[in-house]
>>> print(open('input06.txt').read())   # compact mmCIF, C-alpha atoms
# COMPACT_ATOMS: atom_id res chain seq x y z
CA LYS A 1 14.74 23.42 -57.28
CA GLN A 2 11.19 24.70 -57.65
CA GLU A 3 8.50 22.61 -55.96
CA VAL A 4 4.78 23.20 -56.30
CA THR A 5 2.27 21.87 -53.79
CA GLN A 6 -1.50 21.87 -53.99
CA ILE A 7 -3.86 21.43 -51.07
CA PRO A 8 -6.24 19.72 -50.72
CA ALA A 9 -5.62 16.75 -53.02
CA ALA A 10 -9.36 16.17 -53.31
CA LEU A 11 -12.46 18.15 -52.47
CA SER A 12 -16.17 17.37 -52.59
CA VAL A 13 -18.76 20.13 -52.21
CA PRO A 14 -22.50 20.56 -52.82
CA GLU A 15 -23.59 22.61 -55.79
CA GLY A 16 -23.72 26.35 -55.19
CA GLU A 17 -20.87 26.55 -52.70
CA ASN A 18 -17.99 28.97 -53.08
CA LEU A 19 -14.62 27.27 -52.75
CA VAL A 20 -10.90 27.96 -52.64
CA LEU A 21 -8.08 25.85 -54.02
CA ASN A 22 -4.56 26.45 -52.78
CA CYS A 23 -1.18 26.36 -54.48
CA SER A 24 2.21 27.03 -52.92
CA PHE A 25 5.68 27.19 -54.45
CA THR A 26 9.12 27.17 -52.90
CA ASP A 27 11.01 29.62 -55.13
CA SER A 28 9.40 33.05 -55.35
CA ALA A 29 11.45 34.02 -58.43
CA ILE A 30 8.68 33.13 -60.84
CA TYR A 31 7.81 34.68 -64.18
CA ASN A 32 4.11 33.83 -64.08
CA LEU A 33 1.63 31.35 -62.64
CA GLN A 34 -1.10 29.52 -64.49
CA TRP A 35 -4.16 27.59 -63.38
CA PHE A 36 -5.38 24.71 -65.53
CA ARG A 37 -8.33 22.38 -65.62
CA GLN A 38 -8.09 18.73 -66.66
CA ASP A 39 -11.08 16.53 -67.40
CA PRO A 40 -10.65 12.72 -67.30
CA GLY A 41 -8.84 11.38 -70.36
CA LYS A 42 -8.21 14.86 -71.72
CA GLY A 43 -5.40 17.36 -71.95
CA LEU A 44 -5.16 20.45 -69.80
CA THR A 45 -7.04 23.67 -70.50
CA SER A 46 -5.59 26.98 -69.35
CA LEU A 47 -8.00 28.91 -67.11
CA LEU A 48 -6.05 31.92 -65.88
CA LEU A 49 -2.52 33.28 -66.19
CA ILE A 50 -1.13 35.73 -63.64
CA GLN A 51 2.08 37.61 -64.43
CA SER A 52 4.55 37.97 -61.55
CA SER A 53 3.76 41.70 -61.34
CA GLN A 54 0.02 41.10 -60.97
CA ARG A 55 -1.98 40.28 -57.86
CA GLU A 56 -5.04 38.65 -59.39
CA GLN A 57 -6.91 37.68 -62.54
CA THR A 58 -10.61 37.05 -63.05
CA SER A 59 -12.57 35.09 -65.63
CA GLY A 60 -16.27 34.65 -65.07
CA ARG A 61 -16.82 32.78 -61.79
CA LEU A 62 -13.07 32.17 -61.39
CA ASN A 63 -10.65 34.43 -59.55
CA ALA A 64 -6.98 33.66 -59.06
CA SER A 65 -4.72 35.56 -56.71
CA LEU A 66 -0.96 35.61 -56.41
CA ASP A 67 1.23 36.49 -53.43
CA LYS A 68 4.72 36.02 -54.80
CA SER A 69 6.55 36.96 -51.62
CA SER A 70 4.85 34.24 -49.62
CA GLY A 71 4.89 31.74 -52.49
CA ARG A 72 1.13 31.28 -52.64
CA SER A 73 -1.74 31.39 -55.08
CA THR A 74 -5.43 30.66 -54.65
CA LEU A 75 -8.13 29.82 -57.15
CA TYR A 76 -11.57 30.95 -56.03
CA ILE A 77 -14.61 29.37 -57.69
CA ALA A 78 -17.91 31.11 -57.03
CA ALA A 79 -21.28 29.37 -57.04
CA SER A 80 -19.86 25.97 -58.00
CA GLN A 81 -21.69 23.80 -60.53
CA PRO A 82 -21.49 20.06 -61.33
CA GLY A 83 -19.79 21.01 -64.60
CA ASP A 84 -16.89 22.40 -62.56
CA SER A 85 -15.98 18.85 -61.50
CA ALA A 86 -12.45 18.22 -62.75
CA THR A 87 -8.83 18.26 -61.61
CA TYR A 88 -7.35 21.72 -61.18
CA LEU A 89 -3.60 22.21 -61.52
CA CYS A 90 -1.38 25.18 -60.92
CA ALA A 91 1.97 25.68 -62.61
CA VAL A 92 4.75 28.22 -62.10
CA SER A 93 7.05 29.45 -64.82
CA SER A 94 10.66 30.60 -64.56
CA ASN A 95 12.00 33.42 -66.73
CA THR A 96 13.42 30.81 -69.12
CA GLY A 97 9.94 29.40 -69.69
CA LYS A 98 10.29 26.25 -67.61
CA LEU A 99 6.81 25.39 -66.29
CA ILE A 100 6.51 23.18 -63.19
CA PHE A 101 3.17 21.71 -62.12
CA GLY A 102 1.63 20.82 -58.81
CA GLN A 103 -0.09 17.47 -58.29
CA GLY A 104 -3.54 18.96 -58.66
CA THR A 105 -6.77 19.13 -56.67
CA THR A 106 -9.60 16.86 -57.81
CA LEU A 107 -12.90 18.63 -57.33
CA GLN A 108 -16.31 17.00 -57.24
CA VAL A 109 -19.39 19.21 -57.18
CA LYS A 110 -22.49 17.25 -56.21
CA PRO A 111 -25.91 18.24 -57.62
CA ASP B 1 -7.22 26.65 -85.17
CA ALA B 2 -7.08 22.87 -84.63
CA GLY B 3 -5.04 23.21 -81.48
CA VAL B 4 -2.02 21.09 -80.57
CA ILE B 5 -2.22 17.78 -82.43
CA GLN B 6 -0.64 14.63 -81.07
CA SER B 7 -0.40 11.20 -82.64
CA PRO B 8 -1.05 8.44 -82.03
CA ARG B 9 -3.74 8.75 -79.32
CA HIS B 10 -2.92 5.29 -78.02
CA GLU B 11 0.17 3.15 -78.43
CA VAL B 12 0.62 -0.38 -77.14
CA THR B 13 4.02 -1.96 -77.64
CA GLU B 14 6.25 -4.66 -76.26
CA MET B 15 9.26 -4.03 -74.10
CA GLY B 16 12.36 -3.35 -76.17
CA GLN B 17 10.53 -1.82 -79.12
CA GLU B 18 11.11 1.71 -80.37
CA VAL B 19 8.28 4.19 -79.82
CA THR B 20 7.89 7.53 -81.60
CA LEU B 21 5.36 10.11 -80.43
CA ARG B 22 4.50 13.04 -82.67
CA CYS B 23 3.34 16.58 -82.06
CA LYS B 24 2.20 19.46 -84.22
CA PRO B 25 2.09 22.71 -82.22
CA ILE B 26 -0.27 25.58 -82.88
CA SER B 27 0.91 27.60 -85.86
CA GLY B 28 2.97 30.61 -84.79
CA HIS B 29 3.76 29.30 -81.31
CA ASN B 30 7.43 29.64 -80.40
CA SER B 31 7.68 27.29 -77.42
CA LEU B 32 6.99 23.55 -77.30
CA PHE B 33 6.93 21.32 -74.24
CA TRP B 34 6.84 17.56 -73.70
CA TYR B 35 5.33 16.30 -70.42
CA ARG B 36 4.70 12.86 -68.99
CA GLN B 37 1.79 12.20 -66.62
CA THR B 38 1.38 9.26 -64.24
CA MET B 39 -0.75 8.77 -61.14
CA MET B 40 2.32 8.42 -58.96
CA ARG B 41 4.42 11.31 -60.22
CA GLY B 42 1.88 13.69 -61.74
CA LEU B 43 2.97 15.92 -64.63
CA GLU B 44 6.71 15.85 -65.24
CA LEU B 45 8.45 18.19 -67.67
CA LEU B 46 10.69 16.15 -69.96
CA ILE B 47 12.05 18.78 -72.35
CA TYR B 48 11.11 22.09 -73.85
CA PHE B 49 12.09 23.99 -76.98
CA ASN B 50 12.12 27.68 -77.82
CA ASN B 51 12.29 28.59 -81.51
CA ASN B 52 13.07 24.92 -82.29
CA VAL B 53 16.10 24.88 -79.97
CA PRO B 54 16.10 22.62 -76.88
CA ILE B 55 16.35 24.84 -73.80
CA ASP B 56 16.17 22.36 -70.96
CA ASP B 57 16.23 18.57 -71.24
CA SER B 58 17.06 17.89 -67.60
CA GLY B 59 13.74 16.09 -67.18
CA MET B 60 14.50 13.44 -69.76
CA PRO B 61 14.76 10.36 -67.57
CA GLU B 62 17.41 8.38 -69.44
CA ASP B 63 19.40 8.20 -72.63
CA ARG B 64 16.65 5.99 -73.99
CA PHE B 65 14.59 9.15 -74.42
CA SER B 66 15.30 11.67 -77.17
CA ALA B 67 13.35 14.59 -78.64
CA LYS B 68 13.72 16.58 -81.82
CA MET B 69 12.12 19.64 -83.33
CA PRO B 70 13.32 19.81 -86.94
CA ASN B 71 11.03 22.73 -87.76
CA ALA B 72 8.48 25.03 -86.15
CA SER B 73 5.54 22.78 -86.98
CA PHE B 74 6.70 19.36 -85.85
CA SER B 75 8.33 17.60 -82.91
CA THR B 76 8.98 13.97 -81.98
CA LEU B 77 9.68 12.19 -78.72
CA LYS B 78 11.38 8.84 -79.17
CA ILE B 79 11.91 6.04 -76.66
CA GLN B 80 14.37 3.34 -77.63
CA PRO B 81 14.25 0.72 -76.21
CA SER B 82 10.93 1.07 -74.38
CA GLU B 83 10.34 -0.43 -70.92
CA PRO B 84 7.14 -1.14 -68.94
CA ARG B 85 7.92 1.75 -66.55
CA ASP B 86 7.64 4.14 -69.49
CA SER B 87 3.89 3.51 -69.55
CA ALA B 88 2.19 6.88 -69.07
CA VAL B 89 0.30 9.60 -70.88
CA TYR B 90 2.65 11.85 -72.83
CA PHE B 91 1.50 15.40 -73.49
CA CYS B 92 2.79 17.96 -75.92
CA ALA B 93 2.01 21.64 -75.31
CA SER B 94 2.84 24.91 -77.04
CA SER B 95 2.70 28.61 -76.26
CA LEU B 96 3.04 31.80 -78.24
CA SER B 97 5.53 33.30 -75.81
CA LEU B 98 6.63 33.20 -72.16
CA ASP B 99 3.75 35.57 -71.35
CA SER B 100 1.11 33.41 -72.98
CA PRO B 101 -1.03 30.52 -71.78
CA LEU B 102 0.11 26.99 -72.49
CA HIS B 103 -2.06 24.94 -74.87
CA PHE B 104 -2.05 21.17 -74.48
CA GLY B 105 -2.74 18.37 -76.91
CA ASN B 106 -4.98 15.46 -75.91
CA GLY B 107 -1.99 13.27 -75.17
CA THR B 108 -0.69 9.87 -76.22
CA ARG B 109 -1.43 7.01 -73.86
CA LEU B 110 1.56 4.66 -74.02
CA THR B 111 1.40 1.12 -72.70
CA VAL B 112 4.56 -0.98 -72.74
CA THR B 113 4.00 -4.67 -71.96
>>> encode(input="input06.txt", output="structure tokens")
Amino acid sequence: KQEVTQIPAALSVPEGENLVLNCSFTDSAIYNLQWFRQDPGKGLTSLLLIQSSQREQTSGRLNASLDKSSGRSTLYIAASQPGDSATYLCAVSSNTGKLIFGQGTTLQVKP
Amino acid sequence: DAGVIQSPRHEVTEMGQEVTLRCKPISGHNSLFWYRQTMMRGLELLIYFNNNVPIDDSGMPEDRFSAKMPNASFSTLKIQPSEPRDSAVYFCASSLSLDSPLHFGNGTRLTVT
């Protein structure tokens, strides 16, 4: 059974810092991995999707990497801003489309 | 595009009542997912459909829960009878294909008293 773990559960940083969020999964037979952002009281917004054959994806100040063999992914946020404050979740997909989420990392960026 | 549309946004009901949650996926999307989110358990996959056919319902907690997708533009999640432990935020999400990002609705916050 696939299990997804995210560390840390919460993170507080001053504005401008670069930071890394971690995601690990137990079954390396994944189809793809997605990173999401969730603001309080809202649904999830997809940030980046990495196919199993890819090593990384970039969007603006966000960079996600994938090491399938070791069951790990990282989300790198450069030059963090208060507007980046949210909960970040990773999810892994099987080849049948089943998407399993981690518990998320709640990020606070202080001005 | 209006995105994934869920209704109602909030539902408060008494234990034992039937609850029906509704979802309209993004037009053209082939996959539809129902998730439940609580503080204790996070996001749990309940059931997902591909081309209107249920693929995996192993996450449906009990027989009290049922989901249907009668056509490509509509799905329902029904709880009958509801219990206080069903209180959670229920999300519907859709995607164009297995290779595509998942798009979430804003959720239905269910409170069962």
>>> interface_residues(input="input06.txt", of="chain A", to="chain B", cutoff="6 Å", atoms="all atoms listed in the file", output="PyMOL selection string")
chain A and resi 42-44+97+103
>>> residues_around(input="input06.txt", residues="Gly104 (chain A)", least_positions_apart="3", cutoff="7 Å", atoms="only C-alpha atoms", output="PyMOL selection string")
chain A and resi 6+9+87-90
>>> atom_distance(input="input06.txt", atom1="CA of Ser24 (chain A)", atom2="CA of Ser73 (chain A)")
6.3 Å
>>> atom_distance(input="input06.txt", atom1="CA of Glu56 (chain A)", atom2="CA of Ser28 (chain A)")
16.0 Å
>>> axis_aligned_box(input="input06.txt", around="region 101-106 of chain B", padding_each_side="6 Å", output="lines of an AutoDock Vina configuration file")
center_x = -2.4
center_y = 23.0
center_z = -74.3
size_x = 17.1
size_y = 27.1
size_z = 17.1
>>> atom_distance(input="input06.txt", atom1="CA of Glu62 (chain B)", atom2="CA of Ser82 (chain B)")
10.9 Å
>>> residues_around(input="input06.txt", residues="Thr111 (chain B)", least_positions_apart="3", cutoff="7 Å", atoms="all atoms listed in the file", output="short mmCIF file (atom, residue, chain, number, x, y, z; two decimals) with C-alpha atoms, in the coordinates of the input")
data_model
loop_
_atom_site.label_atom_id
_atom_site.label_comp_id
_atom_site.auth_asym_id
_atom_site.auth_seq_id
_atom_site.Cartn_x
_atom_site.Cartn_y
_atom_site.Cartn_z
CA GLU B 11 0.17 3.15 -78.43
CA VAL B 12 0.62 -0.38 -77.14
CA THR B 13 4.02 -1.96 -77.64
CA SER B 87 3.89 3.51 -69.55
CA ALA B 88 2.19 6.88 -69.07
#
>>> closest_residue(input="input06.txt", among="A:Leu47, A:Leu99, A:Ser53, A:Asp39", to="Gly83 (chain A)", atoms="only C-alpha atoms")
A:Asp39
>>> residues_around(input="input06.txt", residues="region 76-81 of chain B", least_positions_apart="2", cutoff="10 Å", atoms="all atoms listed in the file", output="CSV table (one decimal) with C-alpha atoms, in the coordinates of the input")
chain,number,residue,atom,x,y,z
B,6,GLN,CA,-0.6,14.6,-81.1
B,7,SER,CA,-0.4,11.2,-82.6
B,14,GLU,CA,6.2,-4.7,-76.3
B,15,MET,CA,9.3,-4.0,-74.1
B,16,GLY,CA,12.4,-3.4,-76.2
B,17,GLN,CA,10.5,-1.8,-79.1
B,18,GLU,CA,11.1,1.7,-80.4
B,19,VAL,CA,8.3,4.2,-79.8
B,20,THR,CA,7.9,7.5,-81.6
B,21,LEU,CA,5.4,10.1,-80.4
B,22,ARG,CA,4.5,13.0,-82.7
B,23,CYS,CA,3.3,16.6,-82.1
B,24,LYS,CA,2.2,19.5,-84.2
B,34,TRP,CA,6.8,17.6,-73.7
B,46,LEU,CA,10.7,16.2,-70.0
B,47,ILE,CA,12.0,18.8,-72.4
B,62,GLU,CA,17.4,8.4,-69.4
B,63,ASP,CA,19.4,8.2,-72.6
B,64,ARG,CA,16.6,6.0,-74.0
B,65,PHE,CA,14.6,9.2,-74.4
B,66,SER,CA,15.3,11.7,-77.2
B,67,ALA,CA,13.4,14.6,-78.6
B,68,LYS,CA,13.7,16.6,-81.8
B,69,MET,CA,12.1,19.6,-83.3
B,70,PRO,CA,13.3,19.8,-86.9
B,74,PHE,CA,6.7,19.4,-85.8
B,83,GLU,CA,10.3,-0.4,-70.9
B,86,ASP,CA,7.6,4.1,-69.5
B,90,TYR,CA,2.6,11.8,-72.8
B,92,CYS,CA,2.8,18.0,-75.9
>>> closest_residue(input="input06.txt", among="B:Ser73, B:Arg85, B:Asp57, B:Asn51", to="Val112 (chain B)", atoms="only C-alpha atoms")
B:Arg85
